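Visitor: Input file: run-v2.cif. Contents: mmCIF, C-alpha atoms.
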```cif
data_start
#
loop_
_atom_site.label_atom_id
_atom_site.label_comp_id
_atom_site.auth_asym_id
_atom_site.auth_seq_id
_atom_site.Cartn_x
_atom_site.Cartn_y
_atom_site.Cartn_z
CA MET A 210 0.00 0.00 0.00
CA LYS A 211 2.88 2.36 0.74
CA THR A 212 4.41 1.73 -2.67
CA ALA A 213 1.13 2.35 -4.51
CA SER A 214 0.54 5.61 -2.65
CA SER A 215 4.06 6.81 -3.30
CA SER A 216 4.03 6.07 -7.02
CA SER A 217 0.67 7.74 -7.59
CA SER A 218 1.87 10.85 -5.74
CA SER A 219 4.91 11.20 -7.96
CA SER A 220 3.15 10.59 -11.29
CA HIS A 221 1.00 13.73 -11.49
CA GLY A 222 3.69 16.22 -12.49
CA PHE A 223 3.77 18.10 -9.20
CA PRO A 224 6.42 20.78 -8.77
CA ALA A 225 9.79 19.54 -7.55
CA THR A 226 9.25 20.88 -4.05
CA ALA A 227 5.94 19.03 -3.77
CA SER A 228 7.43 15.79 -5.06
CA LEU A 229 10.04 15.91 -2.30
CA CYS A 230 7.77 16.82 0.62
CA THR A 231 4.16 15.82 -0.04
CA PRO A 232 4.65 12.01 -0.42
CA TYR A 233 6.57 11.86 2.84
CA LEU A 234 3.91 13.83 4.64
CA LEU A 235 1.32 11.40 3.30
CA LEU A 236 3.36 8.46 4.53
CA VAL A 237 3.29 9.66 8.14
CA PRO A 238 -0.38 8.82 8.82
CA LEU A 239 -0.01 5.62 6.80
CA GLY A 240 2.93 4.60 8.98
CA LEU A 241 0.97 5.33 12.13
CA LEU A 242 -1.93 3.26 10.80
CA ALA A 243 0.42 0.37 10.11
CA VAL A 244 1.71 0.52 13.67
CA VAL A 245 -1.82 0.44 15.06
CA LEU A 246 -2.93 -2.47 12.88
CA VAL A 247 0.16 -4.63 12.50
CA VAL A 248 1.86 -4.53 15.91
CA PRO A 249 -1.14 -5.88 17.90
CA SER A 250 -1.62 -8.68 15.37
CA LEU A 251 2.01 -9.68 15.77
CA GLY A 252 1.58 -9.90 19.52
CA SER A 253 -1.66 -11.88 19.37
CA SER A 254 -0.18 -14.45 17.02
CA HIS A 255 1.76 -15.91 19.95
CA VAL A 256 -1.37 -17.05 21.74
CA ARG A 257 -2.97 -20.26 20.63
CA SER A 258 -6.16 -22.04 21.64
CA ASP A 259 -5.97 -25.76 22.23
CA GLY A 260 -8.77 -26.41 24.65
CA LEU A 261 -6.76 -25.34 27.69
CA GLY A 262 -8.02 -21.78 27.77
CA VAL A 263 -6.20 -19.16 29.81
CA LEU A 264 -3.52 -21.56 30.97
CA CYS A 265 -2.00 -21.95 27.52
CA HIS A 266 0.74 -19.58 26.37
CA ALA A 267 3.03 -19.96 23.40
CA GLY A 268 5.45 -17.30 24.56
CA PRO A 269 6.09 -17.60 28.31
CA SER A 270 7.65 -14.86 30.38
CA ALA A 271 8.78 -14.49 33.94
CA ALA A 272 5.47 -12.78 34.69
CA ASP A 273 3.46 -15.83 33.67
CA GLY A 274 2.08 -18.30 36.14
CA TYR A 275 2.26 -22.00 35.47
CA LEU A 276 2.32 -22.91 31.79
CA VAL A 277 0.11 -25.61 30.34
CA THR A 278 1.63 -26.59 27.03
CA PRO A 279 -0.34 -28.12 24.16
CA GLY A 280 -0.82 -31.84 24.18
CA GLY A 281 0.61 -34.32 21.74
CA ASP A 282 3.33 -36.92 21.68
CA ALA A 283 6.66 -36.89 23.47
CA ALA A 284 8.37 -35.21 20.53
CA SER A 285 5.85 -32.37 20.60
CA ALA A 286 6.28 -32.03 24.35
CA ALA A 287 10.06 -31.93 23.94
CA ALA A 288 9.78 -29.24 21.25
CA ALA A 289 7.44 -27.19 23.44
CA ALA A 290 9.79 -27.58 26.39
CA ALA A 291 12.75 -26.47 24.28
CA GLU A 292 10.79 -23.41 23.15
CA THR A 293 9.89 -22.64 26.76
CA LYS A 294 13.48 -22.99 27.99
CA ALA A 295 14.67 -20.65 25.26
CA VAL A 296 12.58 -17.88 26.84
CA VAL A 297 12.54 -18.67 30.55
CA ARG A 298 13.39 -21.80 32.47
CA PRO A 299 10.47 -22.78 34.71
CA GLU A 300 11.15 -23.48 38.34
CA LEU A 301 9.58 -26.88 37.93
CA ARG A 302 7.85 -29.10 35.39
CA LEU A 303 4.91 -31.27 36.44
CA LEU A 304 3.04 -33.93 34.47
CA VAL A 305 -0.50 -34.53 35.74
CA GLY A 306 -1.99 -37.83 34.58
CA VAL A 307 -5.77 -38.02 35.03
CA LEU A 308 -6.68 -41.71 34.91
CA THR A 309 -10.03 -42.15 33.17
CA THR A 310 -11.91 -44.50 30.84
CA PRO A 311 -12.96 -43.98 27.20
CA LYS A 312 -16.72 -43.63 27.71
CA ARG A 313 -16.48 -40.79 30.25
CA TYR A 314 -16.66 -38.01 27.67
CA GLU A 315 -18.80 -35.65 29.73
CA ARG A 316 -16.57 -36.03 32.77
CA ARG A 317 -13.44 -35.27 30.77
CA ASN A 318 -15.05 -32.14 29.39
CA ILE A 319 -15.81 -30.96 32.93
CA VAL A 320 -12.28 -31.74 34.10
CA ARG A 321 -10.76 -29.89 31.12
CA LEU A 322 -12.78 -26.83 32.03
CA ALA A 323 -11.74 -27.21 35.65
CA TYR A 324 -8.08 -26.92 34.64
CA ALA A 325 -8.52 -24.32 31.90
CA LEU A 326 -10.36 -21.80 34.09
CA GLN A 327 -7.94 -21.81 36.99
CA PRO A 328 -5.87 -18.68 37.64
CA ALA A 329 -2.13 -18.74 37.18
CA SER A 330 0.28 -19.61 39.95
CA PRO A 331 2.50 -16.85 41.38
CA GLY A 332 5.56 -18.94 40.44
CA VAL A 333 6.66 -20.08 37.00
CA ALA A 334 5.93 -23.76 36.39
CA GLN A 335 5.10 -25.84 33.35
CA VAL A 336 2.15 -28.10 34.11
CA ASP A 337 1.02 -30.58 31.45
CA VAL A 338 -2.31 -32.34 31.94
CA ARG A 339 -2.97 -35.64 30.17
CA PHE A 340 -5.99 -37.97 30.26
CA VAL A 341 -4.67 -41.52 30.64
CA PHE A 342 -6.28 -44.59 29.06
CA CYS A 343 -5.35 -48.16 28.39
CA ARG A 344 -5.87 -49.39 24.82
CA VAL A 345 -9.18 -48.14 23.40
CA ALA A 346 -10.68 -51.34 22.01
CA ASP A 347 -14.23 -50.28 21.08
CA PRO A 348 -14.25 -48.80 17.54
CA VAL A 349 -16.81 -46.13 18.45
CA ASP A 350 -14.82 -45.05 21.51
CA ALA A 351 -11.62 -45.16 19.47
CA GLN A 352 -13.03 -42.71 16.92
CA LEU A 353 -14.42 -40.33 19.53
CA VAL A 354 -11.28 -40.38 21.69
CA ALA A 355 -9.28 -39.75 18.51
CA LEU A 356 -11.39 -36.61 18.01
CA GLU A 357 -10.43 -35.49 21.51
CA ALA A 358 -6.77 -36.15 20.76
CA ALA A 359 -6.99 -34.15 17.53
CA ARG A 360 -8.78 -31.23 19.16
CA HIS A 361 -7.14 -31.06 22.59
CA GLY A 362 -3.86 -32.96 22.26
CA ASP A 363 -4.12 -34.17 25.85
CA ILE A 364 -4.62 -37.94 25.41
CA LEU A 365 -2.13 -40.58 26.56
CA VAL A 366 -2.87 -44.22 25.67
CA LEU A 367 -0.99 -47.00 27.46
CA ASN A 368 -0.26 -50.54 26.34
CA CYS A 369 -2.63 -52.33 28.72
CA THR A 370 -6.20 -53.54 29.04
CA GLU A 371 -8.46 -50.94 30.68
CA ASN A 372 -8.66 -51.45 34.46
CA MET A 373 -8.47 -49.60 37.76
CA ASN A 374 -6.59 -51.93 40.13
CA ASP A 375 -5.00 -54.39 37.75
CA GLY A 376 -1.79 -52.68 36.72
CA LYS A 377 -2.86 -49.43 35.03
CA THR A 378 -1.07 -47.17 37.51
CA HIS A 379 2.12 -49.22 37.19
CA GLU A 380 1.88 -48.99 33.41
CA TYR A 381 1.43 -45.23 33.67
CA LEU A 382 4.34 -44.62 36.04
CA SER A 383 6.64 -46.96 34.12
CA SER A 384 5.70 -45.64 30.66
CA VAL A 385 6.09 -41.92 31.31
CA PRO A 386 9.90 -41.95 31.77
CA ARG A 387 10.25 -43.68 28.40
CA MET A 388 7.69 -41.53 26.60
CA PHE A 389 9.24 -38.28 27.79
CA ALA A 390 12.87 -39.37 28.09
CA SER A 391 14.07 -36.52 25.89
CA SER A 392 12.35 -33.91 28.04
CA PRO A 393 11.97 -35.21 31.59
CA TYR A 394 9.71 -33.60 34.15
CA ASP A 395 10.58 -32.82 37.74
CA TYR A 396 7.44 -34.50 39.06
CA VAL A 397 4.78 -36.95 37.89
CA MET A 398 1.29 -36.90 39.38
CA LYS A 399 -1.37 -39.57 39.28
CA THR A 400 -4.94 -38.48 39.94
CA ASP A 401 -8.50 -39.45 38.95
CA ASP A 402 -11.36 -37.89 37.02
CA ASP A 403 -13.43 -37.40 40.19
CA THR A 404 -10.79 -35.08 41.65
CA TYR A 405 -10.63 -31.29 41.47
CA LEU A 406 -6.99 -30.22 41.66
CA ARG A 407 -6.14 -26.57 42.37
CA VAL A 408 -2.91 -26.48 40.41
CA ALA A 409 -1.54 -23.20 41.75
CA ALA A 410 -1.83 -24.49 45.32
CA LEU A 411 0.03 -27.69 44.43
CA VAL A 412 2.71 -25.79 42.53
CA ASP A 413 3.23 -23.56 45.56
CA GLU A 414 3.81 -26.68 47.68
CA LEU A 415 6.23 -28.24 45.19
CA ARG A 416 8.31 -25.13 44.54
CA HIS A 417 10.10 -25.48 47.85
CA LYS A 418 10.43 -29.27 47.89
CA PRO A 419 13.41 -31.33 46.71
CA ARG A 420 13.43 -32.44 43.08
CA ASP A 421 14.37 -36.04 43.85
CA ASP A 422 13.17 -38.94 46.01
CA VAL A 423 9.79 -37.25 46.62
CA TYR A 424 6.48 -38.95 47.46
CA LEU A 425 3.71 -36.44 48.24
CA GLY A 426 -0.03 -36.67 48.73
CA TYR A 427 -2.66 -37.54 51.32
CA GLY A 428 -0.59 -39.65 53.69
CA PHE A 429 -2.14 -42.52 55.58
CA ALA A 430 -0.93 -45.52 57.54
CA VAL A 431 -1.66 -49.21 57.62
CA GLY A 432 0.88 -49.82 60.38
CA ASP A 433 2.67 -47.51 62.77
CA ASP A 434 4.27 -45.18 60.21
CA PRO A 435 1.82 -42.31 59.52
CA MET A 436 3.02 -41.87 55.94
CA GLN A 437 3.52 -45.35 54.52
CA PHE A 438 1.12 -44.69 51.67
CA MET A 439 -0.47 -41.84 49.73
CA HIS A 440 -4.18 -42.01 48.93
CA GLY A 441 -5.11 -42.71 45.32
CA MET A 442 -7.11 -39.46 45.03
CA GLY A 443 -3.86 -37.86 43.90
CA TYR A 444 -0.17 -38.24 44.66
CA VAL A 445 3.11 -36.93 43.26
CA VAL A 446 6.45 -38.66 42.81
CA SER A 447 9.65 -37.09 41.58
CA TRP A 448 11.01 -38.06 38.17
CA ASP A 449 13.73 -40.31 39.61
CA VAL A 450 11.11 -42.31 41.54
CA ALA A 451 9.01 -42.83 38.40
CA THR A 452 12.17 -43.88 36.55
CA TRP A 453 12.98 -46.38 39.29
CA VAL A 454 9.49 -47.87 38.99
CA SER A 455 9.94 -48.19 35.22
CA ILE A 456 13.15 -50.25 35.52
CA ASN A 457 12.32 -52.29 38.62
CA GLU A 458 11.78 -55.76 37.20
CA ASP A 459 10.91 -57.24 40.60
CA ILE A 460 7.53 -55.51 40.54
CA LEU A 461 6.53 -57.49 37.45
CA ARG A 462 8.48 -60.61 38.38
CA TYR A 463 6.46 -61.03 41.55
CA ASN A 464 3.22 -59.99 39.84
CA ASP A 465 2.92 -57.11 42.27
CA THR A 466 0.63 -54.89 40.21
CA HIS A 467 -2.75 -56.37 41.11
CA GLY A 468 -4.71 -54.81 43.94
CA PRO A 469 -5.45 -51.33 45.36
CA GLU A 470 -3.09 -49.16 43.34
CA ASP A 471 -2.31 -46.63 46.07
CA LEU A 472 -1.32 -49.37 48.53
CA LEU A 473 0.81 -51.05 45.89
CA VAL A 474 2.70 -47.88 44.98
CA GLY A 475 3.46 -47.31 48.66
CA LYS A 476 4.53 -50.93 49.01
CA TRP A 477 6.98 -50.71 46.09
CA LEU A 478 8.54 -47.56 47.46
CA ASN A 479 8.70 -48.88 51.02
CA ILE A 480 10.43 -52.11 49.96
CA GLY A 481 12.76 -50.28 47.57
CA ARG A 482 13.49 -47.53 50.11
CA ARG A 483 12.41 -44.90 47.62
CA GLY A 484 10.45 -41.72 48.08
CA LYS A 485 12.20 -40.94 51.36
CA ASN A 486 11.16 -37.29 51.12
CA ARG A 487 7.53 -37.82 52.05
CA TYR A 488 5.00 -35.06 52.51
CA SER A 489 1.36 -35.34 53.51
CA LEU A 490 -0.93 -32.49 52.48
CA ARG A 491 -3.72 -33.50 54.83
CA PRO A 492 -6.10 -31.82 55.54
CA ARG A 493 -5.72 -29.75 52.36
CA MET A 494 -6.35 -32.92 50.34
CA TYR A 495 -9.62 -34.57 51.32
CA ASP A 496 -12.81 -36.39 50.30
CA LEU A 497 -15.94 -34.29 49.83
CA ASN A 498 -18.48 -35.49 52.36
CA TRP A 499 -22.06 -36.53 51.69
CA ASP A 500 -23.52 -33.11 52.58
CA MET A 501 -20.90 -31.28 50.47
CA ASP A 502 -20.19 -28.84 53.27
CA ASN A 503 -16.54 -29.54 54.13
CA PHE A 504 -14.81 -27.44 51.45
CA ARG A 505 -11.73 -25.54 52.64
CA PRO A 506 -10.40 -22.23 51.28
CA ASP A 507 -6.84 -23.61 51.35
CA THR A 508 -7.75 -26.73 49.35
CA VAL A 509 -5.09 -28.36 47.20
CA LEU A 510 -7.28 -31.24 46.05
CA VAL A 511 -10.84 -32.40 46.70
CA HIS A 512 -11.91 -35.93 45.82
CA MET A 513 -15.19 -37.85 45.41
CA LEU A 514 -16.80 -35.56 42.83
CA LYS A 515 -18.77 -38.46 41.44
CA ASP A 516 -21.53 -36.55 39.64
CA ASN A 517 -22.28 -33.18 38.08
CA ARG A 518 -24.03 -31.91 41.21
CA ARG A 519 -20.84 -32.34 43.25
CA TRP A 520 -18.68 -30.76 40.53
CA ALA A 521 -21.09 -27.80 40.44
CA ALA A 522 -20.81 -27.45 44.22
CA ALA A 523 -17.01 -27.33 43.95
CA PHE A 524 -17.10 -24.74 41.17
CA ARG A 525 -19.57 -22.65 43.17
CA TYR A 526 -17.48 -22.76 46.35
CA PHE A 527 -14.25 -21.84 44.59
CA ASN A 528 -16.03 -19.19 42.49
CA VAL A 529 -14.69 -20.62 39.25
CA THR A 530 -16.92 -18.43 37.06
CA ALA A 531 -15.88 -15.17 38.75
CA GLY A 532 -14.38 -13.92 35.49
CA LEU A 533 -17.56 -14.38 33.47
CA GLN A 534 -18.40 -11.08 31.79
CA PRO A 535 -21.99 -9.75 31.82
CA SER A 536 -23.85 -10.24 28.55
CA ASN A 537 -27.36 -9.94 27.18
CA LEU A 538 -26.79 -13.39 25.62
CA TYR A 539 -27.10 -15.30 28.89
CA HIS A 540 -28.25 -15.06 32.49
CA PHE A 541 -27.40 -17.48 35.27
CA PRO A 542 -29.02 -17.43 38.72
#
```
Show how you would write the structure in this file as structure tokens.
Guide:
Amino acid sequence: MKTASSSSSSSHGFPATASLCTPYLLLVPLGLLAVVLVVPSLGSSHVRSDGLGVLCHAGPSAADGYLVTPGGDAASAAAAAAETKAVVRPELRLLVGVLTTPKRYERRNIVRLAYALQPASPGVAQVDVRFVFCRVADPVDAQLVALEAARHGDILVLNCTENMNDGKTHEYLSSVPRMFASSPYDYVMKTDDDTYLRVAALVDELRHKPRDDVYLGYGFAVGDDPMQFMHGMGYVVSWDVATWVSINEDILRYNDTHGPEDLLVGKWLNIGRRGKNRYSLRPRMYDLNWDMDNFRPDTVLVHMLKDNRRWAAAFRYFNVTAGLQPSNLYHFP
């Protein structure tokens, strides 16, 4: 546009003084217009939407909270991590695996929203959320889950038969170090799709913890030690602990993957003398009671959200929709 304006200005036989001054004067407002139109578009091109809402940034900065990178395979995660490190190195990287089953489409949609609408953490952390399945055998489920993978990029499928207490958690913990070997995390979390995790609160806890030999969650005892095990509602292990699980052949040799998964994980670590840095976040991790009246303002994680009514109660208590702008297109009581 600048070239066209300039050539037309100089082709009408204006006096020499006009040909030197007038085109440049005309270019001034055009230049200002370009600044107004082009610069904002350059800035906005760094923000992408991938189903993770306000938590997703392509260009992180030290002022950002935790970063939720787009989903995809390990290579994509490694590329995203490399891009992130080129700008600012996060204090920590956390992989959150939400164990679920193929047919729970509505629940996954709720959980995605629960993560996407959370405010950023005051510290810089990269938090990647993945929904974890075993092999998706049903052809209808396979097609629909593939749609989720294409749209959201947050699907992780393991090489196992779908189950809850028959080895799925072991397959998850042992697969992650291989899948993400080129871009390891600091921590790996296992949680469920009936759990509301307040990511910023967890990040704040992890920021000041060691980066190795960590086992953190809702501690409970079967014997005398008050923190022998972490409840299956959600627990975190450091990357070295997950790596140890992945290479420990005794777990498979003795067929020690069948039974309550949280007890088994604690058993492996107790026998192997791993996860010595143990932290219980009770009472900030807890089960929602029957009357739904035991929410806490300092919650890290609340479990037992088994239906939409209980999820709605959690969203209401934590004021998840506080940022909803008024509109004549909707009204909610």
Visitor: What does the distance from CA of Pro542 (chain A) to CA of Trp520 (chain A) come to in Å, to one decimal?
Guide: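 So the two atoms, CA of Pro542 (chain A) and CA of Trp520 (chain A), lie 17.0 Å apart.
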Visitor: Of the residues A:Lys418, A:Arg339, A:Arg525, A:Arg321, which is the one nearest to Val446 (chain A), using only C-alpha atoms?
Guide: A:Lys418
Visitor: Given the file above and the PyMOL selection byres ((chain A and resi 354) around 10), which residues are selected, and can you give them as an MDAnalysis selection string?
Guide: chainID A and resid 311:312 314 342 345 348:353 355:360 364
Visitor: Name the residues captured by the PyMOL selection byres ((chain A and resi 452) around 12) when it is applied to the shown file; answer as a PyMOL selection string.
Guide: chain A and resi 379-390+393-397+421-422+446-451+453-458+483-484
Visitor: What does the PyMOL selection byres ((chain A and resi 318) around 12) select in this file, as a ChimeraX atom specification?
Guide: /A:260-261,309,312-317,319-325,340,354,357,361,363,402,517,520
